[in-house]
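Reproduced below: query01.txt, with compact mmCIF, C-alpha atoms.
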# COMPACT_ATOMS: atom_id res chain seq x y z
CA THR A 1 -81.37 6.40 -25.12
CA GLU A 2 -80.61 2.76 -25.90
CA TRP A 3 -77.35 2.62 -23.95
CA ARG A 4 -79.05 4.07 -20.87
CA TRP A 5 -81.72 1.37 -20.96
CA MET A 6 -79.08 -1.32 -21.41
CA ILE A 7 -77.14 -0.12 -18.36
CA VAL A 8 -80.22 0.16 -16.15
CA GLU A 9 -81.65 -3.20 -17.22
CA GLU A 10 -78.34 -4.89 -16.47
CA VAL A 11 -78.25 -3.37 -12.98
CA LEU A 12 -81.89 -4.20 -12.31
CA SER A 13 -81.35 -7.82 -13.29
CA HIS A 14 -79.47 -8.28 -10.00
CA TYR A 15 -82.30 -6.92 -7.84
CA ASP A 16 -85.91 -7.83 -7.07
CA MET A 17 -87.35 -4.54 -8.30
CA GLY A 18 -89.51 -5.49 -11.24
CA ASP A 19 -89.05 -4.33 -14.83
CA ALA A 20 -87.95 -0.81 -15.77
CA GLU A 21 -90.75 1.28 -17.28
CA SER A 22 -88.95 4.65 -17.53
CA VAL A 23 -85.43 5.94 -16.96
CA THR A 24 -84.35 9.54 -16.33
CA ALA A 25 -80.72 10.57 -16.14
CA GLY A 26 -80.03 12.67 -13.06
CA SER A 27 -77.45 15.34 -12.36
CA GLY A 28 -74.40 13.54 -11.05
CA GLY A 29 -72.08 16.53 -10.95
CA THR A 30 -68.40 15.62 -11.06
CA ALA A 31 -68.56 12.67 -8.68
CA ASN A 32 -71.16 10.15 -9.84
CA GLN A 33 -73.68 9.21 -12.51
CA ASN A 34 -77.30 9.01 -11.36
CA TYR A 35 -80.53 7.63 -12.75
CA ARG A 36 -84.11 7.73 -11.57
CA VAL A 37 -85.93 4.57 -12.56
CA HIS A 38 -89.63 3.79 -12.44
CA THR A 39 -90.36 0.06 -12.29
CA SER A 40 -93.41 -2.08 -11.77
CA THR A 41 -92.72 -1.97 -8.01
CA GLY A 42 -91.98 1.75 -7.55
CA ASP A 43 -89.40 4.48 -8.08
CA TYR A 44 -85.70 3.95 -7.41
CA PHE A 45 -82.44 5.87 -7.54
CA ILE A 46 -79.42 4.23 -9.17
CA LYS A 47 -75.95 5.68 -8.59
CA CYS A 48 -72.79 4.73 -10.45
CA ARG A 49 -69.75 5.68 -8.43
CA LEU A 50 -66.68 6.78 -10.31
CA PRO A 51 -63.28 5.29 -9.41
CA ARG A 52 -62.19 7.83 -6.79
CA LEU A 53 -65.30 7.07 -4.73
CA SER A 54 -65.41 3.35 -5.40
CA SER A 55 -63.19 1.78 -2.76
CA ILE A 56 -64.93 -1.14 -1.09
CA GLU A 57 -64.12 0.17 2.40
CA HIS A 58 -65.47 3.62 1.60
CA VAL A 59 -68.77 2.33 0.23
CA ARG A 60 -69.25 -0.26 2.96
CA LEU A 61 -68.80 2.43 5.60
CA GLN A 62 -71.44 4.64 4.01
CA HIS A 63 -73.85 1.77 3.50
CA GLY A 64 -73.35 0.62 7.08
CA VAL A 65 -74.17 4.11 8.31
CA LEU A 66 -77.30 4.29 6.13
CA LEU A 67 -78.55 0.85 7.19
CA HIS A 68 -78.02 1.81 10.84
CA LEU A 69 -79.91 5.08 10.46
CA ALA A 70 -82.73 3.51 8.47
CA ALA A 71 -83.17 0.93 11.23
CA GLY A 72 -83.56 3.87 13.61
CA ASN A 73 -86.34 5.35 11.45
CA LEU A 74 -84.27 8.33 10.34
CA PRO A 75 -85.10 9.95 6.96
CA VAL A 76 -82.45 8.21 4.86
CA GLN A 77 -82.73 5.66 2.10
CA ALA A 78 -80.76 2.50 2.80
CA PRO A 79 -79.21 0.71 -0.20
CA LEU A 80 -81.01 -2.39 -1.42
CA HIS A 81 -79.33 -5.78 -1.13
CA VAL A 82 -78.29 -7.53 -4.27
CA ARG A 83 -80.41 -10.62 -4.87
CA ASP A 84 -79.31 -13.68 -2.85
CA THR A 85 -76.26 -11.91 -1.33
CA ASP A 86 -75.33 -9.79 1.68
CA GLU A 87 -73.83 -7.11 -0.56
CA THR A 88 -75.46 -3.71 -1.07
CA PHE A 89 -73.63 -2.81 -4.28
CA LEU A 90 -72.57 -4.22 -7.63
CA ARG A 91 -68.98 -4.04 -8.81
CA ASP A 92 -68.24 -3.44 -12.49
CA GLY A 93 -64.52 -3.11 -13.01
CA ASP A 94 -63.47 -0.02 -11.08
CA ARG A 95 -67.06 1.24 -10.80
CA LEU A 96 -69.69 0.48 -8.18
CA TRP A 97 -73.46 0.57 -8.59
CA GLU A 98 -75.93 1.06 -5.77
CA VAL A 99 -79.73 1.23 -5.69
CA THR A 100 -81.98 2.97 -3.16
CA PRO A 101 -85.70 3.78 -3.10
CA PHE A 102 -86.42 7.22 -4.55
CA THR A 103 -87.48 9.92 -2.08
CA VAL A 104 -90.06 12.48 -3.13
CA GLY A 105 -89.67 15.99 -1.69
CA HIS A 106 -88.94 19.62 -2.43
CA LYS A 107 -85.77 21.59 -1.93
CA PHE A 108 -85.33 24.06 0.94
CA ARG A 109 -87.56 27.12 0.54
CA GLY A 110 -86.42 29.12 3.56
CA SER A 111 -89.32 28.55 5.97
CA LYS A 112 -88.83 28.52 9.73
CA ARG A 113 -90.41 25.07 9.93
CA GLU A 114 -87.87 23.70 7.45
CA ILE A 115 -84.97 25.27 9.36
CA GLU A 116 -86.24 23.82 12.62
CA SER A 117 -86.72 20.39 11.06
CA ALA A 118 -83.18 20.49 9.62
CA GLY A 119 -81.79 21.19 13.11
CA LEU A 120 -83.91 18.51 14.76
CA THR A 121 -83.01 15.97 12.10
CA LEU A 122 -79.28 16.58 12.47
CA GLY A 123 -79.59 16.12 16.22
CA ARG A 124 -81.43 12.83 15.70
CA LEU A 125 -78.85 11.64 13.19
CA HIS A 126 -76.03 12.34 15.63
CA ARG A 127 -77.87 10.72 18.51
CA CYS A 128 -78.56 7.59 16.48
CA LEU A 129 -74.96 7.40 15.25
CA GLU A 130 -73.67 7.27 18.83
CA SER A 131 -74.50 3.56 18.79
CA PHE A 132 -72.87 2.92 15.41
CA GLN A 133 -69.61 0.98 15.61
CA PRO A 134 -67.34 2.36 12.90
CA THR A 135 -64.60 0.35 11.24
CA ASP A 136 -60.98 1.46 11.45
CA PHE A 137 -61.38 2.84 7.92
CA ALA A 138 -63.82 5.47 9.22
CA ALA A 139 -61.04 7.32 11.03
CA ASN A 140 -59.11 7.60 7.77
CA GLY A 141 -62.03 9.05 5.83
CA PRO A 142 -62.30 12.46 4.17
CA LEU A 143 -60.15 15.04 5.95
CA HIS A 144 -61.99 18.30 6.44
CA GLU A 145 -60.48 21.76 6.92
CA ASN A 146 -57.36 21.88 9.07
CA ARG A 147 -54.52 24.25 9.85
CA LYS A 148 -52.11 22.85 7.26
CA GLN A 149 -54.62 23.02 4.42
CA ILE A 150 -55.68 26.57 5.18
CA GLU A 151 -52.11 27.78 5.64
CA GLN A 152 -51.12 26.33 2.26
CA SER A 153 -54.21 27.78 0.62
CA LEU A 154 -53.54 31.26 2.00
CA GLN A 155 -50.02 31.13 0.55
CA LEU A 156 -51.42 30.14 -2.83
CA ALA A 157 -53.93 32.98 -2.64
CA GLU A 158 -51.33 35.71 -2.03
CA PRO A 159 -50.89 36.61 -5.73
CA LEU A 160 -54.66 36.75 -6.07
CA PHE A 161 -55.00 38.99 -3.03
CA ALA A 162 -52.81 41.53 -4.82
CA GLU A 163 -55.93 42.55 -6.73
CA PRO A 164 -57.07 45.87 -5.18
CA GLU A 165 -60.68 44.74 -4.86
CA LEU A 166 -59.59 41.77 -2.71
CA ALA A 167 -57.51 43.72 -0.19
CA GLY A 168 -60.29 43.57 2.41
CA VAL A 169 -60.71 39.84 1.84
CA ARG A 170 -57.01 39.26 2.48
CA VAL A 171 -57.12 41.18 5.77
CA ALA A 172 -60.24 39.34 6.95
CA PHE A 173 -58.91 35.89 6.00
CA HIS A 174 -55.55 36.38 7.72
CA ARG A 175 -57.26 37.81 10.81
CA ALA A 176 -59.51 34.75 10.98
CA PHE A 177 -56.60 32.35 10.55
CA ASP A 178 -54.57 34.13 13.23
CA LEU A 179 -57.53 33.78 15.60
CA LEU A 180 -57.78 30.06 14.85
CA ASN A 181 -54.06 29.64 15.56
CA ARG A 182 -54.40 31.41 18.90
CA GLU A 183 -57.63 29.94 20.20
CA PHE A 184 -58.54 26.77 18.31
CA TYR A 185 -55.70 24.72 16.85
CA GLY A 186 -53.78 22.69 19.39
CA SER A 187 -56.24 23.50 22.18
CA ILE A 188 -60.04 23.45 21.81
CA GLU A 189 -59.78 21.45 18.58
CA LEU A 190 -58.17 18.52 20.39
CA GLU A 191 -60.86 18.36 23.09
CA LEU A 192 -63.96 18.41 20.89
CA GLN A 193 -66.01 15.23 20.63
CA ARG A 194 -65.48 13.14 17.52
CA SER A 195 -67.92 10.66 16.03
CA ILE A 196 -69.37 9.50 12.72
CA ILE A 197 -70.86 12.54 10.99
CA HIS A 198 -72.55 13.26 7.67
CA GLY A 199 -69.71 15.51 6.55
CA ASP A 200 -71.66 17.60 4.04
CA TYR A 201 -74.88 18.61 5.81
CA HIS A 202 -76.32 21.45 3.75
CA ALA A 203 -79.60 22.41 2.15
CA LEU A 204 -78.83 20.91 -1.25
CA ASN A 205 -78.48 17.46 0.32
CA LEU A 206 -81.92 17.55 1.98
CA VAL A 207 -85.49 17.41 0.70
CA PHE A 208 -88.65 18.32 2.60
CA ASP A 209 -92.24 17.09 2.64
CA PRO A 210 -95.24 19.42 2.10
CA ALA A 211 -95.43 20.08 5.85
CA GLY A 212 -91.84 21.35 5.92
CA HIS A 213 -90.28 18.32 7.62
CA VAL A 214 -87.08 16.70 6.35
CA ALA A 215 -88.06 13.80 4.08
CA GLY A 216 -84.58 12.73 3.04
CA VAL A 217 -80.89 13.30 3.80
CA PHE A 218 -78.58 12.35 0.94
CA ASP A 219 -74.96 12.32 -0.22
CA TRP A 220 -73.05 10.57 2.56
CA ASP A 221 -69.83 10.46 0.53
CA ALA A 222 -67.96 12.54 3.14
CA THR A 223 -69.01 10.50 6.16
CA GLY A 224 -66.31 9.46 8.60
CA VAL A 225 -65.10 10.03 12.15
CA GLN A 226 -64.69 13.78 12.49
CA ILE A 227 -65.44 16.55 14.98
CA ARG A 228 -69.20 16.29 15.50
CA LEU A 229 -69.62 20.07 15.47
CA ARG A 230 -68.55 20.12 11.80
CA ASP A 231 -72.08 19.08 10.76
CA VAL A 232 -73.60 21.79 12.96
CA VAL A 233 -71.36 24.39 11.32
CA ASP A 234 -72.43 23.26 7.85
CA GLY A 235 -76.06 23.42 8.98
CA LEU A 236 -75.67 26.98 10.25
CA ILE A 237 -74.08 28.13 6.99
CA ALA A 238 -76.91 26.51 5.03
CA PHE A 239 -79.90 27.36 7.24
CA GLY A 240 -78.71 30.36 9.26
CA ARG A 241 -78.35 32.68 6.28
CA LYS A 242 -80.69 35.35 4.97
CA GLU A 243 -81.08 33.74 1.55
CA PRO A 244 -81.55 30.00 0.92
CA GLU A 245 -78.75 28.12 -0.80
CA LYS A 246 -79.12 27.74 -4.55
CA SER A 247 -77.92 24.88 -6.68
CA GLY A 248 -76.21 27.10 -9.21
CA GLY A 249 -76.08 24.20 -11.64
CA GLY A 250 -72.74 23.10 -10.23
CA ASN A 251 -71.20 26.57 -10.61
CA ILE A 252 -68.62 26.84 -7.82
CA ILE A 253 -68.98 30.64 -7.65
CA GLU A 254 -72.74 30.44 -7.14
CA LEU A 255 -72.47 27.50 -4.75
CA THR A 256 -70.07 29.39 -2.48
CA ARG A 257 -71.35 32.94 -2.82
CA PRO A 258 -70.95 35.20 0.26
CA PHE A 259 -73.94 35.68 2.51
CA ASP A 260 -75.17 37.45 5.63
CA PHE A 261 -76.16 35.44 8.67
CA ASP A 262 -79.74 35.72 9.87
CA PRO A 263 -79.90 35.70 13.71
CA GLY A 264 -83.40 34.25 13.58
CA GLY A 265 -82.30 31.37 11.38
CA VAL A 266 -79.20 30.77 13.51
CA HIS A 267 -81.33 30.62 16.65
CA CYS A 268 -83.96 28.39 15.05
CA PHE A 269 -81.45 25.81 13.76
CA LEU A 270 -79.23 25.80 16.85
CA SER A 271 -82.03 25.61 19.39
CA ALA A 272 -83.71 22.76 17.47
CA TYR A 273 -80.47 20.78 17.35
CA HIS A 274 -79.76 21.56 21.02
CA ARG A 275 -83.16 20.16 22.07
CA VAL A 276 -82.16 16.77 20.71
CA LYS A 277 -78.38 16.75 21.14
CA THR A 278 -77.09 19.09 23.84
CA LEU A 279 -74.24 21.35 22.87
CA SER A 280 -71.55 21.50 25.56
CA ASP A 281 -69.99 24.75 26.77
CA LEU A 282 -66.82 23.75 24.93
CA GLU A 283 -68.75 23.30 21.70
CA LEU A 284 -70.41 26.68 22.15
CA ARG A 285 -66.98 28.25 22.53
CA ALA A 286 -65.73 26.41 19.46
CA LEU A 287 -68.69 27.18 17.23
CA PRO A 288 -67.70 30.73 16.07
CA LEU A 289 -64.14 29.51 15.51
CA MET A 290 -65.19 26.50 13.45
CA LEU A 291 -67.54 28.70 11.42
CA ARG A 292 -64.51 30.79 10.47
CA GLN A 293 -62.47 27.70 9.64
CA ARG A 294 -65.26 26.26 7.51
CA TRP A 295 -65.74 29.47 5.54
CA LEU A 296 -62.00 29.72 4.87
CA GLY A 297 -62.09 26.15 3.59
CA ILE A 298 -65.14 26.75 1.40
CA LYS A 299 -63.52 29.73 -0.29
CA LEU A 300 -59.89 28.61 -0.42
CA ASP A 301 -60.26 24.94 -1.40
CA PRO A 302 -61.21 25.71 -5.04
CA LEU A 303 -57.91 27.60 -5.34
CA ARG A 304 -55.88 24.85 -3.67
CA LEU A 305 -57.50 22.14 -5.81
CA GLY A 306 -57.18 24.12 -9.05
CA LYS A 307 -60.91 24.24 -9.76
CA VAL A 308 -60.91 27.84 -11.03
CA ASP A 309 -58.73 30.02 -13.24
CA ARG A 310 -57.59 33.48 -12.15
CA VAL A 311 -60.60 35.33 -13.55
CA ALA A 312 -63.03 32.95 -11.85
CA ALA A 313 -60.94 33.02 -8.66
CA VAL A 314 -61.30 36.80 -8.37
CA GLU A 315 -65.06 36.45 -8.76
CA LEU A 316 -65.05 33.58 -6.26
CA MET A 317 -63.33 35.70 -3.62
CA ARG A 318 -65.26 38.94 -4.14
CA ASP A 319 -66.96 40.04 -0.86
CA ALA A 320 -65.83 36.80 0.80
CA GLN A 321 -65.22 38.67 4.05
CA ARG A 322 -68.96 39.17 4.72
CA PRO A 323 -69.62 36.12 6.95
CA LEU A 324 -66.35 36.76 8.80
CA GLN A 325 -67.36 40.36 9.48
CA TRP A 326 -70.63 39.16 11.00
CA LEU A 327 -68.74 36.76 13.26
CA ASP A 328 -66.33 39.52 14.30
CA GLU A 329 -69.20 41.85 15.15
CA THR A 330 -71.21 39.30 17.14
CA ASP A 331 -68.09 37.95 18.83
CA ALA A 332 -68.11 40.98 21.11
CA LEU A 333 -70.92 39.22 22.95
CA GLY A 334 -68.86 36.03 23.21
CA VAL A 335 -70.15 32.62 24.25
CA ALA A 336 -72.80 34.20 26.45
CA SER A 337 -74.69 35.29 23.33
CA LEU A 338 -74.84 31.73 22.04
CA GLN A 339 -75.94 30.42 25.40
CA SER A 340 -78.62 33.11 25.48
CA LEU A 341 -79.78 32.09 22.00
CA LEU A 342 -80.18 28.49 23.09
CA ARG A 343 -82.13 29.47 26.21
CA GLY A 344 -84.50 31.33 23.91
Go through the file and emit its structure as structure tokens.
Amino acid sequence: TEWRWMIVEEVLSHYDMGDAESVTAGSGGTANQNYRVHTSTGDYFIKCRLPRLSSIEHVRLQHGVLLHLAAGNLPVQAPLHVRDTDETFLRDGDRLWEVTPFTVGHKFRGSKREIESAGLTLGRLHRCLESFQPTDFAANGPLHENRKQIEQSLQLAEPLFAEPELAGVRVAFHRAFDLLNREFYGSIELELQRSIIHGDYHALNLVFDPAGHVAGVFDWDATGVQIRLRDVVDGLIAFGRKEPEKSGGGNIIELTRPFDFDPGGVHCFLSAYHRVKTLSDLELRALPLMLRQRWLGIKLDPLRLGKVDRVAAVELMRDAQRPLQWLDETDALGVASLQSLLRG
């Protein structure tokens, strides 16, 4: 449409990218507006950040991380610099525009090679980010699941749990939270290594080349100084399951549907990561606990943030105990089972 061309041409006028030849609107979800642009010099990705993700500090942190990783030859696309400036974004009122080269690749198809590459890539990202010097803002970035959030969410969910079909979910969720209170919060949680992480490392934020290797890692909006293991947990939920993640067209129910873990996928992802970035004994002990915490957050956050009505909430929570049951069953083997997995 005419307005789309006008927007893109205005953005391109600040970059040395050639003239736009075609423009395709991408799926920006609820956070951003995206465009794929073909110019005389190649294909590019233009993102317009909406106000809540447009703070200068937030964007500069992400761009600094991407520039650092790109310099280390990691599969990320660093933002282009605006012509004749040191800036990597354009400001338009309360919106920010950024431009990166477009990465060609396919979504995760469930192959062992892709799972292994996802684990190796995460290890390389973490290893490279050890030398990144974050600003003070990084420590105040997105706050992931924590005891207070989950406790509040469980209280909000009590009326929902009164539905007979969700009785088993209620028992499993409270059992998991009680375990976290006993063994994780205030103890192991405080000792785990913290560093800059991706913050949303799952299959829908990666693309792969024809050989099954990661070609691009995207969506660094949640980056910040957090427990490093958080990325590993996200990777296990995405790549250690029996069925690949599906986009669901932004449908929160489809995006967070229950799943069964696949021991082969868990082993493949963990061992690949471990070959690049060694998991400590403390991290191995924490891993089953943080998996529980992450799953509680995934399922309870839509309730806490008001993203679903009651009918959708019941559907959202149906069979939500499945991953927790798997963790309870395998927990009988304890940390030794994880150590055995990593020894192959």
Under the rule that all atoms listed in the file are counted, which of A:Glu163, A:Glu283, A:Glu243, A:Glu87 is the nearest residue to Phe261 (chain A)?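 Looking only at the distances to Phe261 (chain A), the closest residue turns out to be A:Glu243.
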Residue contacts of region 321-329 of chain A (6 Å, all atoms listed in the file) excluding same-chain residues fewer than 3 positions away, as number ranges by chain: A: 169, 172, 260
Can those selected residues be exported to a file as an mmCIF file, keeping the file's coordinate frame so that it contains C-alpha atoms?
data_model
loop_
_atom_site.group_PDB
_atom_site.id
_atom_site.type_symbol
_atom_site.label_atom_id
_atom_site.label_comp_id
_atom_site.auth_asym_id
_atom_site.auth_seq_id
_atom_site.Cartn_x
_atom_site.Cartn_y
_atom_site.Cartn_z
ATOM 1 C CA VAL A 169 -60.710 39.840 1.840
ATOM 2 C CA ALA A 172 -60.240 39.340 6.950
ATOM 3 C CA ASP A 260 -75.170 37.450 5.630
#
Taking 5 positions as the minimum chain separation for residues in the same chain, which residues sit within 12 Å of Val23 (chain A) when counting all atoms listed in the file? Answer as number ranges by chain. A: 1-9, 12, 34-39, 43-46
When you draw a straight line from CA of Leu129 (chain A) to CA of Gly72 (chain A), how long is it in Å?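 Going from CA of Leu129 (chain A) over to CA of Gly72 (chain A), I get 9.4 Å.
Closest approach to Lys107 (chain A) among A:Leu287, A:Arg292, A:Asn205, A:Arg241 is made by A:Asn205 (distances from only C-alpha atoms).
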I'd like the neighbourhood of Asp221 (chain A) as JSON, numbers by chain, where a residue qualifies if any of its atoms comes within 9 Å (using only C-alpha atoms), though same-chain residues fewer than 3 positions away should be ignored. {"A": [53, 58, 59, 62, 142, 198, 199, 200, 218, 224]}
Mind pulling up the distance from CA of Arg182 (chain A) to CA of Thr330 (chain A)? 18.7 Å
Using only C-alpha atoms, which residues sit within 12 Å of Val65 (chain A) once same-chain residues fewer than 6 positions away are excluded, as a ChimeraX atom specification? /A:58-59,71-72,74,76-79,125-126,128-135,138,195-198,218-225
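Rounded to one decimal, CA of Asp234 (chain A) and CA of Ser340 (chain A) lie 21.1 Å from each other.
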Could you please give me, as a list of chain:residue names, the residues of protein, DNA or RNA lying at most 12 Å from (-65.4, -0.8, -8.3) in the coordinate frame of the file, considering only C-alpha atoms? A:Cys48, A:Arg49, A:Leu50, A:Pro51, A:Arg52, A:Leu53, A:Ser54, A:Ser55, A:Ile56, A:Glu57, A:His58, A:Val59, A:Arg60, A:Phe89, A:Leu90, A:Arg91, A:Asp92, A:Gly93, A:Asp94, A:Arg95, A:Leu96, A:Trp97, A:Glu98
For Gly119 (chain A), list every protein, DNA or RNA residue within 7 Å, evaluated using all atoms listed in the file, and leave out those in the same chain fewer than 6 positions away; present the list as a list in words. Phe269, Leu270, Ala272 and Tyr273 of chain A
Return the single residue from A:Gly42, A:Tyr185, A:Lys148, A:Leu192 that is closest to Ser22 (chain A), with distances computed using only C-alpha atoms.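 Residue with the minimum atom-to-atom distance to Ser22 (chain A): A:Gly42.
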For Val99 (chain A), which of A:Val233, A:Ala70, A:Met17, A:Leu80 is the closest residue, counting all atoms listed in the file? A:Leu80
From the set A:Asp84, A:Asp319, A:Glu165, A:Asp281, which residue has the shortest atom-to-atom contact distance to Ile188 (chain A), counting all atoms listed in the file?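 Going through A:Asp84, A:Asp319, A:Glu165, A:Asp281 one by one, the smallest distance to Ile188 (chain A) is for A:Asp281.
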